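Scroll down for the structure; my scribbles are underneath it.
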Amino acid sequence: MLEIRNVYKSYDGKTDAIKDITLDIESGDIFAFIGHNGAGKTTLIKCIVGLLDFEKGTIKIDGIDVKENALDAKKIIAYIPDNPNIYESMSAIQYLNFIANAFNLSESERKEKIEYYANLLDLKSKLGDKISTYSHGMKQKLVIIGALIHSPKLLVLDEPFVGLDPEASFKIKNIFKEITESGTAIFFSTHVLETAEKLCNKVAVIRKGEVIRCGDMSIIKKDESLEEVFMELLGEGND
């Protein structure tokens, strides 16, 4: 579903923010991308979703090259940044209809998806309210509904659980499991290693712009916790 081949990105033309990254995320995967601050997680994510250009390599989503056919690639993905900026002057339902219009969803399609996810995330009674009145957690739930409304083949998220209470986090994890059972692939960065360990079937660790470990979660962890593995890998980089 997501093929990343030998991707390099530099901001100054001299130092590589990410270098020679190759990853494969398959349909049905929940793939964790972990690393310390400044390791290159957000840089790669922005390259995947078309917000940053990159100098070398290729990125394909469901066989579509994100450089050669950027619009077609964006039609089948959804992206949630770590700090989503949404139109606070709109009501929540106006915002969701705006997203639905962008993807040319029919009235029946959007109504079904909005009702399902708004009920599940306890937002249905608040859909008529201005987004400016929403708490951070409510806004996060709203952008997740907006991301899911067109049934993306690939969902890309940067720290998706920040600001969510335990109940909302639990429900959203279940949503992620549900959509991957239907073939959607999920690729997300997080600092919450316990969540990644329990939720994801695959993981990649990035350090100083390079992927230093990648594979099935059970194989990467072996008999350790993901946190222990992560700390060991960071320690190797300081030798």
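Within each chain, counting starts at residue 1; across the structure tokens, chains are named A, B, ... in the order shown, with ligands numbered 1 upward in that order.
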
Looking only at the backbone, which of the residues in stretch 1-232 of chain A does DSSP tag as helix (DSSP H, G or I), as a PyMOL selection string? chain A and resi 41-48+70-75+92-102+107-120+124-126+131-133+136-148+166-181+193-199+217-221+226-232

Fewer than 3 positions away in the same chain doesn't count, so skip those; otherwise give me all residues within 10 Å of A:Ile175, counting only C-alpha atoms, as a ChimeraX atom specification. /A:117,120-121,148,169-172,178-181

Using the chain letters and numbers from this document, which residues of stretch 120-189 of chain A does DSSP assign to strand (DSSP E or B), as a list in words?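 Filtering stretch 120-189 of chain A down to strand (DSSP E or B) leaves Lys130, Leu154, Leu155, Val156, Leu157, Asp158, Ala185, Ile186, Phe187, Phe188 and Ser189 of chain A.
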
Quick one: distance from atom CA of A:Ile80 to atom CA of A:Ile144 in Å, one decimal?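 Atom CA of A:Ile80 sits 7.4 Å away from atom CA of A:Ile144.
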
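When only C-alpha atoms are used to compute distances to A:Ser132, the closest of the residues A:Leu44, A:Ile114, A:Ile86, A:Leu233 turns out to be A:Ile86.
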
Excluding A:Leu52 and residues on its chain fewer than 5 positions from it, collect all residues at most 10 Å away from it, counting only C-alpha atoms, and give them as a PyMOL selection string. chain A and resi 9+11+43-47

Could you check which of A:Asn119, A:Thr133, A:Thr58, A:Ser189 is closest to A:Glu88, using only C-alpha atoms? A:Thr133

Show me, as number ranges by chain, the residues that have an atom within 10 Å of A:His136 when counting only C-alpha atoms, minus same-chain residues fewer than 3 positions from it. A: 83-84, 131-133, 139-142, 162-164

Just write the chosen residues, C-alpha atoms, as a PDB file, in the first residue's frame.
```pdb
ATOM      1  CA  ASN A  83      -1.479  19.998  15.748  1.00  0.00           C
ATOM      2  CA  PRO A  84      -4.411  20.152  13.317  1.00  0.00           C
ATOM      3  CA  ILE A 131     -15.569  24.427  16.516  1.00  0.00           C
ATOM      4  CA  SER A 132     -14.216  27.366  18.521  1.00  0.00           C
ATOM      5  CA  THR A 133     -16.229  26.074  21.502  1.00  0.00           C
ATOM      6  CA  LYS A 139     -11.245  18.886  18.009  1.00  0.00           C
ATOM      7  CA  GLN A 140      -8.981  15.864  17.770  1.00  0.00           C
ATOM      8  CA  LYS A 141     -11.991  13.561  17.538  1.00  0.00           C
ATOM      9  CA  LEU A 142     -13.528  15.819  14.883  1.00  0.00           C
ATOM     10  CA  VAL A 162      -2.249  13.608  22.092  1.00  0.00           C
ATOM     11  CA  GLY A 163      -4.959  15.404  24.073  1.00  0.00           C
ATOM     12  CA  LEU A 164      -7.395  12.493  24.099  1.00  0.00           C
TER      13      LEU A 164
END
```

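Closest to A:Glu227 among A:Ala39, A:Ile34, A:Leu105, A:Cys200 is A:Ile34, based on only C-alpha atoms.
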
Restricting the calculation to only C-alpha atoms, which member of A:Lys153, A:Lys130, A:Arg207, A:Lys173 is positioned closest to A:Asn37? A:Arg207

Find the distance between atom CA of A:Lys113 and atom CA of A:Ile149 and write it in Å to one decimal. 5.8 Å

Find the nearest atom pair between each residue of stretch 60-174 of chain A and stretch 19-24 of chain A for residues within 12 Å, count only C-alpha atoms, give distances in Å to one decimal, sort rows by chain and ascending number, and present the table as a Markdown table.
```
| residue | atom | partner | partner_atom | distance |
| --- | --- | --- | --- | --- |
| A:Lys60 | CA | A:Asp24 | CA | 9.9 |
| A:Ile61 | CA | A:Asp24 | CA | 10.3 |
| A:Asp62 | CA | A:Asp24 | CA | 11.1 |
| A:Gly63 | CA | A:Asp24 | CA | 11.9 |
```

Let's have the selection written as a short mmCIF file (atom, residue, chain, number, x, y, z; two decimals), in the first residue's frame, with N, CA, C and O atoms.
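So the final result, stored in part.cif, reads:
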```
data_model
loop_
_atom_site.label_atom_id
_atom_site.label_comp_id
_atom_site.auth_asym_id
_atom_site.auth_seq_id
_atom_site.Cartn_x
_atom_site.Cartn_y
_atom_site.Cartn_z
N LYS A 60 5.32 5.66 -3.22
CA LYS A 60 4.11 5.29 -3.94
C LYS A 60 3.03 4.85 -2.95
O LYS A 60 3.33 4.16 -1.97
N ILE A 61 1.80 5.28 -3.23
CA ILE A 61 0.65 4.89 -2.42
C ILE A 61 -0.30 4.11 -3.32
O ILE A 61 -0.81 4.65 -4.29
N ASP A 62 -0.48 2.84 -3.00
CA ASP A 62 -1.30 1.95 -3.83
C ASP A 62 -0.84 2.00 -5.29
O ASP A 62 -1.65 2.03 -6.22
N GLY A 63 0.48 2.06 -5.48
CA GLY A 63 1.08 2.08 -6.81
C GLY A 63 1.15 3.45 -7.46
O GLY A 63 1.71 3.59 -8.56
#
```
